[in-house]
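I have placed the structure first, in the form of structure tokens, so that the comments after it can refer back to it.
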Amino acid sequence: GDKLAGPIISSAWQCSQPIFTLLISLTLGWEPATPRKLVGILLSFLGGAFLVCYGQDVGSPGAVGNVLLALNCLGTSLYVIFAKIALERYPPLTVIAWAMMSASVMMAISAGSLNNSCGFIHFICPPTGTKDFTCGGYQASCSPWLVPASAFLPLAYWIIFNSISAYFLLTWANRYARAGYILAYTALQPFTSTLLSVILILSGVQGLQMPGWNALGSIGIFLGLILLILDGKRQHEADQATLPSLRESLGD
């Protein structure tokens with residue numbers, strides 16, 4: 001999806017995850033569709049999309065890329081939903097361990113299959129005219145199984161923080177919070193990326209672009225999150241209020 005639609009559209013799609021999750025939760029009857037919740041998610045989505053897309057050359061992304069990105073976001077939402085069911089019987093560490101083992105097996109199968117396809121390698125690494133590799137009848141700018149030394153540190157960061165740590169915290173929070181709120185904070189991703197970019201630029205790092213009017217999208221993100229937090233607090237208080245009467249009825 002990122003290859004076909006581009007990084008700008010890919011970032012904007014991440015803000016759709018709470019919408020997918022909320023729609024599934026509403027369909028299953030897990031959560032009520034309160035006005036505050038719906039407005040909060042909509043504001044967060046619009047703020048994140050504005051923060052990512054405003055002033056950027058979005059271009060003409062392919063339909064296939066957008067479909068793949070939608071499936072990616074839907075897959076994350078489905079993970080939260082199914083993990084919520086599994087967490088009723090198993091602790092978070094067990095759930096995330098099985099999820100990581102399953103993902104590793106599927107990734108190994110995918111990598112083993114696609115890396116043996118010269119057409120796919122040509123698509124991912126188009127020839128640049130310098131130091132190209134020959135794969136079957138195709139030219140490519142990278143060798144199928146070559147991992148450059150410069151990629152080791154980014155890969156380690158991705159595996160430890162963005163994969164294991166992030167999904168463990170996501171699964172742990174999923175045990176105690178409603179599914180519709182877990183992914184609401186994904187709208188913070190473009191905001192934190194923008195904030196980190198500003199810090200790096202002010203620190204003298206080259207190759208990054210200072211945000212402009214698109215930074216106003218953070219207002220929508222925060223307003224949406226405030227509405228979601230207030231709605232979650234109200235629903236939590238309502239759930240706590242029903243517990244004594246539920247215990248009394250069970251005792252009778």
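Here, A, B, ... name the chains of the structure tokens in the order displayed, residue numbers run from 1 inside each chain, and ligands are numbered from 1 in the same displayed order.
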If we count only C-alpha atoms and set the cut-off at 9 Å, which residues sit around stretch 128-136 of chain A, ignoring sequence neighbours fewer than 6 positions away in its own chain? Please answer as a PyMOL selection string. chain A and resi 117-119+121-122+142-144
Test item: residues at most 7 Å from stretch 86-94 of chain A, only C-alpha atoms, excluding those fewer than 5 positions along its chain, as a ChimeraX atom specification: /A:171-172,175
Would you save the residues from that selection as a short mmCIF file (atom, residue, chain, number, x, y, z; two decimals), in the first residue's frame, using N, CA and C atoms?
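Output (selection-v1.cif):
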```cif
data_model
loop_
_atom_site.label_atom_id
_atom_site.label_comp_id
_atom_site.auth_asym_id
_atom_site.auth_seq_id
_atom_site.Cartn_x
_atom_site.Cartn_y
_atom_site.Cartn_z
N THR A 171 -2.11 -4.64 23.71
CA THR A 171 -2.85 -5.80 24.21
C THR A 171 -3.17 -5.66 25.69
N TRP A 172 -2.20 -5.15 26.46
CA TRP A 172 -2.43 -4.95 27.89
C TRP A 172 -3.56 -3.95 28.12
N ARG A 175 -7.17 -5.16 27.63
CA ARG A 175 -7.81 -5.95 28.67
C ARG A 175 -8.66 -5.10 29.61
#
```
DSSP alpha helix (DSSP H) selection over stretch 65-184 of chain A, as JSON, numbers by chain: {"A": [65, 66, 67, 68, 69, 70, 71, 72, 73, 74, 75, 76, 77, 78, 79, 80, 81, 82, 83, 84, 85, 86, 92, 93, 94, 95, 96, 97, 98, 99, 100, 101, 102, 103, 104, 105, 106, 107, 108, 109, 110, 111, 112, 113, 114, 118, 119, 120, 121, 122, 123, 124, 152, 153, 154, 155, 156, 157, 166, 167, 168, 169, 170, 171, 172, 173, 174, 175, 176, 179, 180, 181, 182]}
Write out, as an mmCIF file, in the first residue's frame, the residues just selected, with C-alpha atoms.
```
data_model
loop_
_atom_site.group_PDB
_atom_site.id
_atom_site.type_symbol
_atom_site.label_atom_id
_atom_site.label_comp_id
_atom_site.auth_asym_id
_atom_site.auth_seq_id
_atom_site.Cartn_x
_atom_site.Cartn_y
_atom_site.Cartn_z
ATOM 1 C CA GLY A 65 -2.739 0.825 -2.914
ATOM 2 C CA ASN A 66 -5.717 2.337 -1.113
ATOM 3 C CA VAL A 67 -7.434 -1.059 -0.925
ATOM 4 C CA LEU A 68 -4.301 -2.594 0.613
ATOM 5 C CA LEU A 69 -4.027 0.242 3.136
ATOM 6 C CA ALA A 70 -7.688 -0.177 4.068
ATOM 7 C CA LEU A 71 -7.109 -3.907 4.607
ATOM 8 C CA ASN A 72 -4.071 -3.105 6.748
ATOM 9 C CA CYS A 73 -6.057 -0.793 9.024
ATOM 10 C CA LEU A 74 -8.965 -3.236 9.127
ATOM 11 C CA GLY A 75 -6.532 -5.995 10.127
ATOM 12 C CA THR A 76 -5.285 -3.946 13.103
ATOM 13 C CA SER A 77 -8.872 -3.320 14.189
ATOM 14 C CA LEU A 78 -9.693 -7.026 13.914
ATOM 15 C CA TYR A 79 -6.628 -7.825 16.043
ATOM 16 C CA VAL A 80 -7.977 -5.589 18.810
ATOM 17 C CA ILE A 81 -11.423 -7.205 18.542
ATOM 18 C CA PHE A 82 -10.190 -10.826 18.590
ATOM 19 C CA ALA A 83 -7.591 -10.069 21.267
ATOM 20 C CA LYS A 84 -10.405 -8.655 23.410
ATOM 21 C CA ILE A 85 -12.139 -12.032 23.201
ATOM 22 C CA ALA A 86 -8.931 -13.966 23.959
ATOM 23 C CA PRO A 92 -1.913 -10.255 27.891
ATOM 24 C CA LEU A 93 1.571 -11.815 27.745
ATOM 25 C CA THR A 94 0.144 -15.106 26.469
ATOM 26 C CA VAL A 95 -2.015 -13.390 23.861
ATOM 27 C CA ILE A 96 0.804 -11.233 22.498
ATOM 28 C CA ALA A 97 3.215 -14.204 22.498
ATOM 29 C CA TRP A 98 0.868 -16.242 20.314
ATOM 30 C CA ALA A 99 0.205 -13.213 18.107
ATOM 31 C CA MET A 100 3.933 -12.629 17.570
ATOM 32 C CA MET A 101 4.614 -16.309 16.851
ATOM 33 C CA SER A 102 1.764 -16.407 14.335
ATOM 34 C CA ALA A 103 2.949 -13.185 12.692
ATOM 35 C CA SER A 104 6.531 -14.506 12.500
ATOM 36 C CA VAL A 105 5.407 -17.694 10.752
ATOM 37 C CA MET A 106 3.235 -15.785 8.268
ATOM 38 C CA MET A 107 6.019 -13.258 7.636
ATOM 39 C CA ALA A 108 8.539 -16.044 7.011
ATOM 40 C CA ILE A 109 6.206 -17.696 4.507
ATOM 41 C CA SER A 110 5.497 -14.376 2.768
ATOM 42 C CA ALA A 111 9.171 -13.360 2.637
ATOM 43 C CA GLY A 112 10.239 -16.781 1.402
ATOM 44 C CA SER A 113 7.647 -16.747 -1.353
ATOM 45 C CA LEU A 114 7.962 -13.146 -2.528
ATOM 46 C CA CYS A 118 12.015 -11.733 -9.553
ATOM 47 C CA GLY A 119 9.051 -9.702 -10.771
ATOM 48 C CA PHE A 120 8.223 -8.697 -7.194
ATOM 49 C CA ILE A 121 11.850 -7.764 -6.467
ATOM 50 C CA HIS A 122 11.874 -5.624 -9.620
ATOM 51 C CA PHE A 123 8.696 -3.882 -8.410
ATOM 52 C CA ILE A 124 9.996 -3.208 -4.883
ATOM 53 C CA PHE A 152 20.362 -3.118 11.273
ATOM 54 C CA LEU A 153 19.682 -0.310 13.759
ATOM 55 C CA PRO A 154 16.348 0.754 12.160
ATOM 56 C CA LEU A 155 15.264 -2.900 12.041
ATOM 57 C CA ALA A 156 16.172 -3.379 15.710
ATOM 58 C CA TYR A 157 14.166 -0.276 16.630
ATOM 59 C CA ALA A 166 3.863 -1.348 21.104
ATOM 60 C CA TYR A 167 1.675 -4.406 20.577
ATOM 61 C CA PHE A 168 2.235 -5.662 24.121
ATOM 62 C CA LEU A 169 1.085 -2.306 25.522
ATOM 63 C CA LEU A 170 -1.829 -2.317 23.077
ATOM 64 C CA THR A 171 -2.853 -5.802 24.208
ATOM 65 C CA TRP A 172 -2.434 -4.953 27.890
ATOM 66 C CA ALA A 173 -4.597 -1.839 27.532
ATOM 67 C CA ASN A 174 -7.149 -3.861 25.577
ATOM 68 C CA ARG A 175 -7.807 -5.955 28.672
ATOM 69 C CA TYR A 176 -8.965 -2.990 30.728
ATOM 70 C CA ALA A 179 -12.157 -1.796 22.222
ATOM 71 C CA GLY A 180 -13.492 1.402 20.651
ATOM 72 C CA TYR A 181 -11.023 3.515 22.652
ATOM 73 C CA ILE A 182 -7.872 1.430 22.161
#
```
As an exercise, work out the distance from atom CA of A:Trp13 to atom CA of A:Ala49 in Å and give it to one decimal place.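 Separating atom CA of A:Trp13 from atom CA of A:Ala49 is a distance of 7.8 Å.
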Measuring atom to atom with only C-alpha atoms, identify which of A:Gln17, A:Thr34, A:Ser203, A:Ser218 is nearest to A:Asp231.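 Looking at the shortest contact to A:Asp231, the residue is A:Thr34.
Going from atom CA of A:Gly204 over to atom CA of A:Ser163, you cover 28.6 Å.
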Determine which residues of stretch 118-225 of chain A receive a DSSP assignment of strand (DSSP E), computed from the backbone, and state them as a compact mmCIF listing (two decimals) with C-alpha atoms, in the first residue's frame.
```txt
# COMPACT_ATOMS: atom_id res chain seq x y z
CA PHE A 133 21.31 -6.76 -9.85
CA THR A 134 19.98 -9.26 -12.35
CA CYS A 135 17.16 -11.50 -11.17
CA TYR A 138 14.55 -8.45 -14.47
CA GLN A 139 16.89 -5.72 -13.30
CA ALA A 140 16.63 -4.59 -9.68
```
The residue from A:Gln189, A:Ser16, A:Ser44, A:Gln235 with the smallest atom-to-atom distance to A:Asn162, counting only C-alpha atoms, is A:Gln189
